[in-house]
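See below for entry-v4.cif, which holds mmCIF, C-alpha atoms.
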data_protein
#
loop_
_atom_site.label_atom_id
_atom_site.label_comp_id
_atom_site.auth_asym_id
_atom_site.auth_seq_id
_atom_site.Cartn_x
_atom_site.Cartn_y
_atom_site.Cartn_z
CA MET A 150 85.07 141.34 104.23
CA ASN A 151 84.84 145.12 104.11
CA ILE A 152 88.33 146.16 105.23
CA LYS A 153 90.26 149.40 104.94
CA PHE A 154 94.04 149.43 105.24
CA GLY A 155 95.52 152.25 107.24
CA ALA A 156 98.71 153.59 108.73
CA SER A 157 99.12 155.27 112.07
CA LEU A 158 100.78 158.66 111.94
CA LEU A 159 103.47 156.89 114.03
CA SER A 160 104.52 155.17 110.83
CA TRP A 161 105.98 158.53 109.77
CA ILE A 162 106.32 160.91 112.72
CA THR A 163 106.68 160.93 116.50
CA PRO A 164 103.44 161.09 118.54
CA LEU A 165 103.34 164.87 118.94
CA TRP A 166 101.11 166.20 116.17
CA ASN A 167 101.69 169.60 114.61
CA THR A 168 100.51 171.13 111.35
CA GLU A 169 103.74 170.58 109.43
CA SER A 170 104.44 167.00 110.58
CA GLY A 171 100.78 166.07 110.23
CA LYS A 172 100.74 167.21 106.61
CA TYR A 173 103.84 165.11 105.97
CA ALA A 174 102.26 162.00 107.56
CA ILE A 175 99.09 162.41 105.50
CA GLU A 176 101.05 162.75 102.25
CA LYS A 177 103.31 159.76 103.02
CA THR A 178 100.33 157.58 103.96
CA ALA A 179 98.58 158.38 100.68
CA GLN A 180 101.71 157.88 98.60
CA ALA A 181 102.32 154.45 100.16
CA GLY A 182 98.89 153.26 99.01
CA PHE A 183 96.87 153.16 102.24
CA ASP A 184 93.14 153.89 102.43
CA LEU A 185 93.26 155.89 105.64
CA ILE A 186 95.43 157.41 108.32
CA GLU A 187 94.93 157.05 112.06
CA ILE A 188 95.51 160.40 113.71
CA LEU A 189 96.61 160.16 117.32
CA LEU A 190 95.11 163.29 118.86
CA PRO A 191 97.32 165.34 121.18
CA GLY A 192 96.13 165.60 124.78
CA SER A 193 96.13 169.37 124.41
CA MET A 194 93.60 169.01 121.55
CA ASP A 195 95.66 171.57 119.64
CA PHE A 196 94.43 170.19 116.35
CA ASP A 197 93.11 172.21 113.43
CA ALA A 198 90.49 169.83 112.06
CA ALA A 199 89.42 172.15 109.25
CA THR A 200 92.95 172.28 107.80
CA VAL A 201 93.47 168.55 108.23
CA LYS A 202 90.18 167.84 106.47
CA LYS A 203 91.40 169.81 103.44
CA GLN A 204 94.72 167.93 103.46
CA LEU A 205 92.93 164.60 103.57
CA LYS A 206 90.66 165.56 100.68
CA LYS A 207 93.63 166.73 98.60
CA ASN A 208 95.36 163.37 99.13
CA HIS A 209 92.19 161.27 98.62
CA LEU A 210 92.64 159.80 102.08
CA GLU A 211 90.20 158.89 104.84
CA ALA A 212 90.95 159.23 108.54
CA ILE A 213 89.99 158.00 111.96
CA CYS A 214 91.15 159.47 115.24
CA SER A 215 92.57 157.89 118.35
CA LEU A 216 93.36 159.09 121.86
CA ASN A 217 95.56 157.59 124.55
CA LEU A 218 94.62 158.83 128.00
CA PRO A 219 97.47 160.55 129.87
CA GLU A 220 98.26 160.00 133.56
CA ASP A 221 96.18 162.98 134.67
CA ALA A 222 93.10 161.52 132.93
CA HIS A 223 93.25 158.05 134.49
CA ILE A 224 89.52 157.35 134.68
CA ALA A 225 89.51 155.53 138.03
CA PHE A 226 91.27 158.49 139.70
CA TYR A 227 90.01 161.43 137.67
CA PRO A 228 86.62 160.56 136.13
CA GLU A 229 85.58 164.14 135.48
CA ALA A 230 88.88 165.09 133.81
CA SER A 231 88.91 161.94 131.66
CA GLU A 232 85.31 162.41 130.56
CA LYS A 233 86.01 166.02 129.63
CA LEU A 234 89.09 165.01 127.58
CA ILE A 235 87.32 162.19 125.75
CA LYS A 236 84.44 164.50 124.89
CA LYS A 237 86.91 167.03 123.48
CA ALA A 238 88.36 164.25 121.34
CA ILE A 239 84.87 163.34 120.15
CA ASP A 240 84.38 166.97 119.16
CA LYS A 241 87.54 166.79 117.03
CA VAL A 242 86.31 163.61 115.36
CA ASP A 243 83.04 165.38 114.62
CA GLU A 244 84.83 168.45 113.20
CA LEU A 245 86.89 166.15 110.97
CA GLU A 246 83.62 164.57 109.77
CA THR A 247 84.72 161.03 110.48
CA GLN A 248 82.96 158.45 112.63
CA LEU A 249 85.41 156.64 114.91
CA LEU A 250 87.46 157.43 118.02
CA ALA A 251 89.79 154.58 118.99
CA GLY A 252 92.63 154.17 121.46
CA VAL A 253 93.50 153.56 125.10
CA LEU A 254 90.36 154.98 126.68
CA HIS A 255 90.21 152.93 129.87
CA SER A 256 93.23 154.23 131.79
CA GLY A 257 96.21 156.52 131.76
CA ILE A 258 99.15 154.70 130.20
CA GLY A 259 101.74 153.91 132.86
CA VAL A 260 99.43 154.44 135.83
CA PHE A 261 99.36 151.64 138.43
CA THR A 262 97.94 151.09 141.91
CA GLY A 263 99.97 147.95 142.64
CA LYS A 264 96.75 145.92 142.74
CA PRO A 265 94.30 144.42 140.22
CA LEU A 266 91.32 146.46 139.04
CA THR A 267 88.66 146.76 141.74
CA GLU A 268 84.89 146.56 141.36
CA ASN A 269 84.60 150.20 142.41
CA GLU A 270 87.03 151.18 139.65
CA ARG A 271 84.99 149.17 137.15
CA GLU A 272 81.87 151.10 138.19
CA ILE A 273 83.62 154.44 137.72
CA ILE A 274 84.95 153.47 134.28
CA ALA A 275 81.58 152.12 133.14
CA LYS A 276 79.85 155.35 134.19
CA VAL A 277 82.32 157.51 132.24
CA TRP A 278 82.02 155.22 129.22
CA CYS A 279 78.22 155.53 129.38
CA ASN A 280 78.44 159.32 129.41
CA VAL A 281 80.94 159.60 126.54
CA ALA A 282 79.07 156.96 124.53
CA ASP A 283 75.89 159.02 124.75
CA TYR A 284 77.82 162.15 123.79
CA ALA A 285 79.32 160.35 120.79
CA GLN A 286 76.01 158.74 119.77
CA ALA A 287 74.42 162.17 119.40
CA ARG A 288 77.13 162.93 116.82
CA ASN A 289 76.87 159.54 115.06
CA ILE A 290 80.34 158.55 116.30
CA ASP A 291 81.52 155.13 117.51
CA ILE A 292 84.20 154.49 120.12
CA ALA A 293 86.65 151.56 119.99
CA ILE A 294 88.65 150.79 123.13
CA GLU A 295 92.11 149.22 123.07
CA PRO A 296 93.39 146.81 125.73
CA ILE A 297 97.15 147.11 126.30
CA ASN A 298 99.75 144.97 128.01
CA ARG A 299 100.38 144.52 131.74
CA TYR A 300 103.51 146.68 131.65
CA GLU A 301 101.50 149.72 130.55
CA SER A 302 98.18 149.31 132.38
CA TYR A 303 96.41 147.21 135.02
CA VAL A 304 92.90 148.09 133.82
CA CYS A 305 92.25 146.39 130.46
CA ASN A 306 94.88 143.94 129.21
CA THR A 307 92.74 141.55 127.15
CA ALA A 308 89.86 141.63 124.72
CA GLU A 309 87.69 140.00 127.38
CA ASN A 310 88.46 142.82 129.84
CA VAL A 311 87.14 145.42 127.41
CA LEU A 312 84.15 143.35 126.29
CA GLU A 313 83.03 142.82 129.89
CA LEU A 314 83.07 146.55 130.56
CA ILE A 315 81.26 147.31 127.31
CA LYS A 316 78.56 144.82 128.32
CA LYS A 317 78.31 146.55 131.68
CA THR A 318 77.46 149.85 129.95
CA GLY A 319 74.87 148.42 127.57
CA LYS A 320 75.86 151.01 124.95
CA SER A 321 75.60 150.03 121.30
CA ASN A 322 78.28 152.40 119.97
CA LEU A 323 81.15 151.04 122.09
CA PHE A 324 83.46 148.59 120.30
CA LEU A 325 86.77 146.78 120.68
CA HIS A 326 90.11 147.94 119.29
CA LEU A 327 92.73 145.17 119.27
CA ASP A 328 96.50 145.43 118.79
CA THR A 329 98.59 142.41 117.78
CA PHE A 330 101.60 143.65 119.79
CA HIS A 331 99.60 143.59 123.01
CA MET A 332 97.77 140.40 122.02
CA ASN A 333 101.14 138.69 121.63
CA ILE A 334 101.81 139.37 125.32
CA GLU A 335 98.39 138.95 126.91
CA GLU A 336 96.20 136.59 124.87
CA ASN A 337 96.45 132.78 124.68
CA ASN A 338 96.36 132.96 120.89
CA PHE A 339 95.37 135.22 118.00
CA TYR A 340 92.23 133.31 117.06
CA ASP A 341 89.90 133.12 120.07
CA PRO A 342 89.85 136.83 121.03
CA ILE A 343 88.81 137.77 117.50
CA ILE A 344 86.17 135.02 117.31
CA ASN A 345 84.77 135.93 120.73
CA SER A 346 84.63 139.62 119.81
CA GLY A 347 82.66 139.07 116.63
CA LYS A 348 80.95 142.22 115.38
CA LEU A 349 82.15 144.20 118.39
CA LEU A 350 85.61 144.23 116.84
CA ARG A 351 85.90 147.41 114.81
CA HIS A 352 89.55 148.47 114.67
CA ILE A 353 92.91 146.64 114.78
CA HIS A 354 96.51 147.78 115.08
CA VAL A 355 98.63 145.35 113.09
CA THR A 356 102.24 145.19 114.20
CA GLU A 357 104.91 142.58 114.80
CA SER A 358 106.05 141.26 118.16
CA HIS A 359 109.14 143.49 117.86
CA ARG A 360 107.33 146.37 116.09
CA GLY A 361 109.22 145.61 112.87
CA MET A 362 108.31 144.17 109.48
CA LEU A 363 105.18 142.03 109.48
CA GLY A 364 106.02 138.35 109.13
CA GLU A 365 109.47 138.62 110.69
CA GLY A 366 108.47 138.21 114.34
CA THR A 367 106.47 135.78 116.47
CA VAL A 368 102.88 136.91 115.74
CA ASN A 369 100.84 133.96 114.44
CA TRP A 370 99.43 135.59 111.33
CA GLU A 371 97.75 132.39 110.11
CA GLU A 372 95.57 132.33 113.23
CA PHE A 373 94.95 136.06 112.96
CA PHE A 374 93.77 136.12 109.36
CA SER A 375 91.83 132.88 109.75
CA ALA A 376 89.82 134.45 112.59
CA LEU A 377 89.18 137.68 110.66
CA LYS A 378 87.76 135.69 107.76
CA LYS A 379 85.68 133.54 110.10
CA ILE A 380 83.88 136.57 111.59
CA ASN A 381 83.78 138.36 108.22
CA PHE A 382 85.59 141.31 109.80
CA GLU A 383 84.42 144.75 108.79
CA GLY A 384 86.71 147.50 109.99
CA ASN A 385 90.21 148.89 109.82
CA LEU A 386 93.59 147.19 109.76
CA VAL A 387 96.00 149.93 110.73
CA LEU A 388 99.76 149.53 110.65
CA GLU A 389 101.45 150.61 113.88
CA ASN A 390 105.05 149.53 113.38
CA PHE A 391 107.90 151.84 114.36
CA SER A 392 111.17 152.68 112.63
CA SER A 393 114.26 154.14 114.27
CA SER A 394 114.85 156.05 111.02
CA ILE A 395 112.30 158.61 112.27
CA PRO A 396 114.14 161.23 114.37
CA GLY A 397 113.07 161.02 118.03
CA MET A 398 111.06 157.81 117.64
CA GLN A 399 113.43 155.62 119.66
CA GLU A 400 113.01 157.80 122.74
CA LYS A 401 109.25 158.22 122.36
CA VAL A 402 108.36 154.51 122.10
CA SER A 403 111.37 152.82 123.77
CA LEU A 404 112.63 151.51 120.43
CA TRP A 405 116.18 151.00 121.60
CA GLN A 406 117.28 148.64 118.83
CA LYS A 407 118.11 150.08 115.42
CA SER A 408 115.50 149.14 112.83
CA PRO A 409 116.65 147.15 109.78
CA TYR A 410 114.11 149.08 107.67
CA ASN A 411 113.44 152.75 107.20
CA ALA A 412 109.90 154.07 107.61
CA GLN A 413 109.09 153.87 103.91
CA GLU A 414 110.30 150.28 103.55
CA LEU A 415 108.49 149.23 106.71
CA ALA A 416 105.17 150.75 105.68
CA GLU A 417 105.19 149.52 102.09
CA GLY A 418 106.48 146.05 102.96
CA SER A 419 103.92 145.60 105.74
CA LEU A 420 101.05 146.79 103.54
CA ALA A 421 102.07 144.28 100.86
CA PHE A 422 102.13 141.56 103.54
CA LEU A 423 98.60 142.44 104.66
CA LYS A 424 97.17 142.48 101.15
CA LYS A 425 98.82 139.17 100.28
CA HIS A 426 97.25 137.46 103.30
CA MET A 427 93.84 138.99 102.70
CA GLU A 428 93.84 137.66 99.15
CA LYS A 429 94.47 134.06 100.22
#
Have the structure of the file written as structure tokens, please.
Amino acid sequence: MNIKFGASLLSWITPLWNTESGKYAIEKTAQAGFDLIEILLPGSMDFDAATVKKQLKKNHLEAICSLNLPEDAHIAFYPEASEKLIKKAIDKVDELETQLLAGVLHSGIGVFTGKPLTENEREIIAKVWCNVADYAQARNIDIAIEPINRYESYVCNTAENVLELIKKTGKSNLFLHLDTFHMNIEENNFYDPIINSGKLLRHIHVTESHRGMLGEGTVNWEEFFSALKKINFEGNLVLENFSSSIPGMQEKVSLWQKSPYNAQELAEGSLAFLKKHMEK
């Protein structure tokens, strides 16, 4: 398997990127021994890619970018606004000279209609995905879309939901981005979604059921790693665990319980857990 181990910037800082905190997250990610950092782009796109590229080079670190659509870019309601925002994110990926945009790119987090996704909404989403896929393809960039749990979205909750919409577009540079936290809520197990995704699976957030240290929750890691090896997974395993030791993190991600580990311990311990399982 060709796998790169990464850490989300959320391993070190709250979601709001700025030059100073971003530099800190890059340095901490490199020092902890990861291959890459996942940079969650701010909705404002206030992001100096040229400076970040220099920081990454200095720390011998790769990067991918992600974007979580805000409420005012919920595709089904605001297709033009969401397409414009995703294209801006693609531009930042291009400026950073990396090749992947991941994240929640099907709906605004926390937006609900009170009903299941309609066929008309599917058509709107597929059309926007087609347009942004073409825009990304011209820049040699892939897009990986993350299903999230029912408490945060009604649009794409499972791997199958995303794969069906990707098939509807017919675009070859659209992929799946899984997250073990959301899988633990929505999927029947950790094996079948990975097997069924096959080569369309490009990016994975690895996190425990309680967002703490890997191996200390209810995620079935044996199923998870068995499936990755079965499909010969080629992509990124990115840590997205949260620690209350980071000022402001509890409020940002509803982490109301105090973490037993600080950010450094959580990142290094989880990376060791991943490497141990991949070597089996």
Self-check item: Picked residues, the PyMOL selection byres ((chain A and resi 389) around 12), expected as number ranges by chain
Solution: A: 154-164, 186-189, 327-331, 353-363, 386-388, 390-392, 402, 412, 415-416, 419-420
Exercise. For Pro342 (chain A), list every protein, DNA or RNA residue within 12 Å, evaluated using all atoms listed in the file, and leave out those in the same chain fewer than 2 positions away; present the list as a ChimeraX atom specification.
Key: /A:296,306-312,325-329,332-333,335-340,344-350,372-373,376-377,380
Got time to write the residues from that selection, C-alpha atoms, as a JSON list (two decimals), keeping the file's coordinate frame?
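Output (selection23.json):
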[["chain", "number", "residue", "atom", "x", "y", "z"],
["A", 296, "PRO", "CA", 93.39, 146.81, 125.73],
["A", 306, "ASN", "CA", 94.88, 143.94, 129.21],
["A", 307, "THR", "CA", 92.74, 141.55, 127.15],
["A", 308, "ALA", "CA", 89.86, 141.63, 124.72],
["A", 309, "GLU", "CA", 87.69, 140.00, 127.38],
["A", 310, "ASN", "CA", 88.46, 142.82, 129.84],
["A", 311, "VAL", "CA", 87.14, 145.42, 127.41],
["A", 312, "LEU", "CA", 84.15, 143.35, 126.29],
["A", 325, "LEU", "CA", 86.77, 146.78, 120.68],
["A", 326, "HIS", "CA", 90.11, 147.94, 119.29],
["A", 327, "LEU", "CA", 92.73, 145.17, 119.27],
["A", 328, "ASP", "CA", 96.50, 145.43, 118.79],
["A", 329, "THR", "CA", 98.59, 142.41, 117.78],
["A", 332, "MET", "CA", 97.77, 140.40, 122.02],
["A", 333, "ASN", "CA", 101.14, 138.69, 121.63],
["A", 335, "GLU", "CA", 98.39, 138.95, 126.91],
["A", 336, "GLU", "CA", 96.20, 136.59, 124.87],
["A", 337, "ASN", "CA", 96.45, 132.78, 124.68],
["A", 338, "ASN", "CA", 96.36, 132.96, 120.89],
["A", 339, "PHE", "CA", 95.37, 135.22, 118.00],
["A", 340, "TYR", "CA", 92.23, 133.31, 117.06],
["A", 344, "ILE", "CA", 86.17, 135.02, 117.31],
["A", 345, "ASN", "CA", 84.77, 135.93, 120.73],
["A", 346, "SER", "CA", 84.63, 139.62, 119.81],
["A", 347, "GLY", "CA", 82.66, 139.07, 116.63],
["A", 348, "LYS", "CA", 80.95, 142.22, 115.38],
["A", 349, "LEU", "CA", 82.15, 144.20, 118.39],
["A", 350, "LEU", "CA", 85.61, 144.23, 116.84],
["A", 372, "GLU", "CA", 95.57, 132.33, 113.23],
["A", 373, "PHE", "CA", 94.95, 136.06, 112.96],
["A", 376, "ALA", "CA", 89.82, 134.45, 112.59],
["A", 377, "LEU", "CA", 89.18, 137.68, 110.66],
["A", 380, "ILE", "CA", 83.88, 136.57, 111.59]]
Self-check item: From A:Ile239, A:Gly366, A:Gln204, A:Ser302, residue lying nearest His255 (chain A) [all atoms listed in the file]
Solution: A:Ser302
Self-check item: Within 9 Å of region 262-269 of chain A using all atoms listed in the file, minus same-chain residues under 5 positions, as a PyMOL selection string
Solution: chain A and resi 225+274+303-305
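For the pair CA of Ile175 (chain A) and CA of Glu244 (chain A), the interatomic distance is 17.3 Å.
Across the structure, CA of Phe324 (chain A) and CA of Lys429 (chain A) are spaced 27.1 Å apart.
Atom to atom, CA of Leu190 (chain A) and CA of Lys237 (chain A) stand 10.1 Å apart.
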Quiz item: Taking (102.0, 160.6, 99.4) in the file's coordinates, which residues come within 12 Å, counting all atoms listed in the file, written as an NGL selection string?
Solution: :A and (161 or 172-186 or 204-205 or 207-210 or 413 or 417)
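Proximity ranking of A:Gly319, A:Ile224, A:Ala238, A:Glu232 relative to Asp195 (chain A) places A:Ala238 first, based on all atoms listed in the file.
If you measure from each of A:Gln248, A:Thr367, A:Gln286, A:Ser408 to Ser394 (chain A) using all atoms listed in the file, the closest one turns out to be A:Ser408.
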Exercise. Specify as number ranges by chain each residue included when the PyMOL selection byres ((chain A and resi 228) around 12) is applied to this file.
Key: A: 218, 220-227, 229-235, 254-257, 270-281
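Residue nearest Met194 (chain A), chosen from A:Lys317, A:Lys236, A:Lys424, A:Arg299 and counting only C-alpha atoms: A:Lys236.
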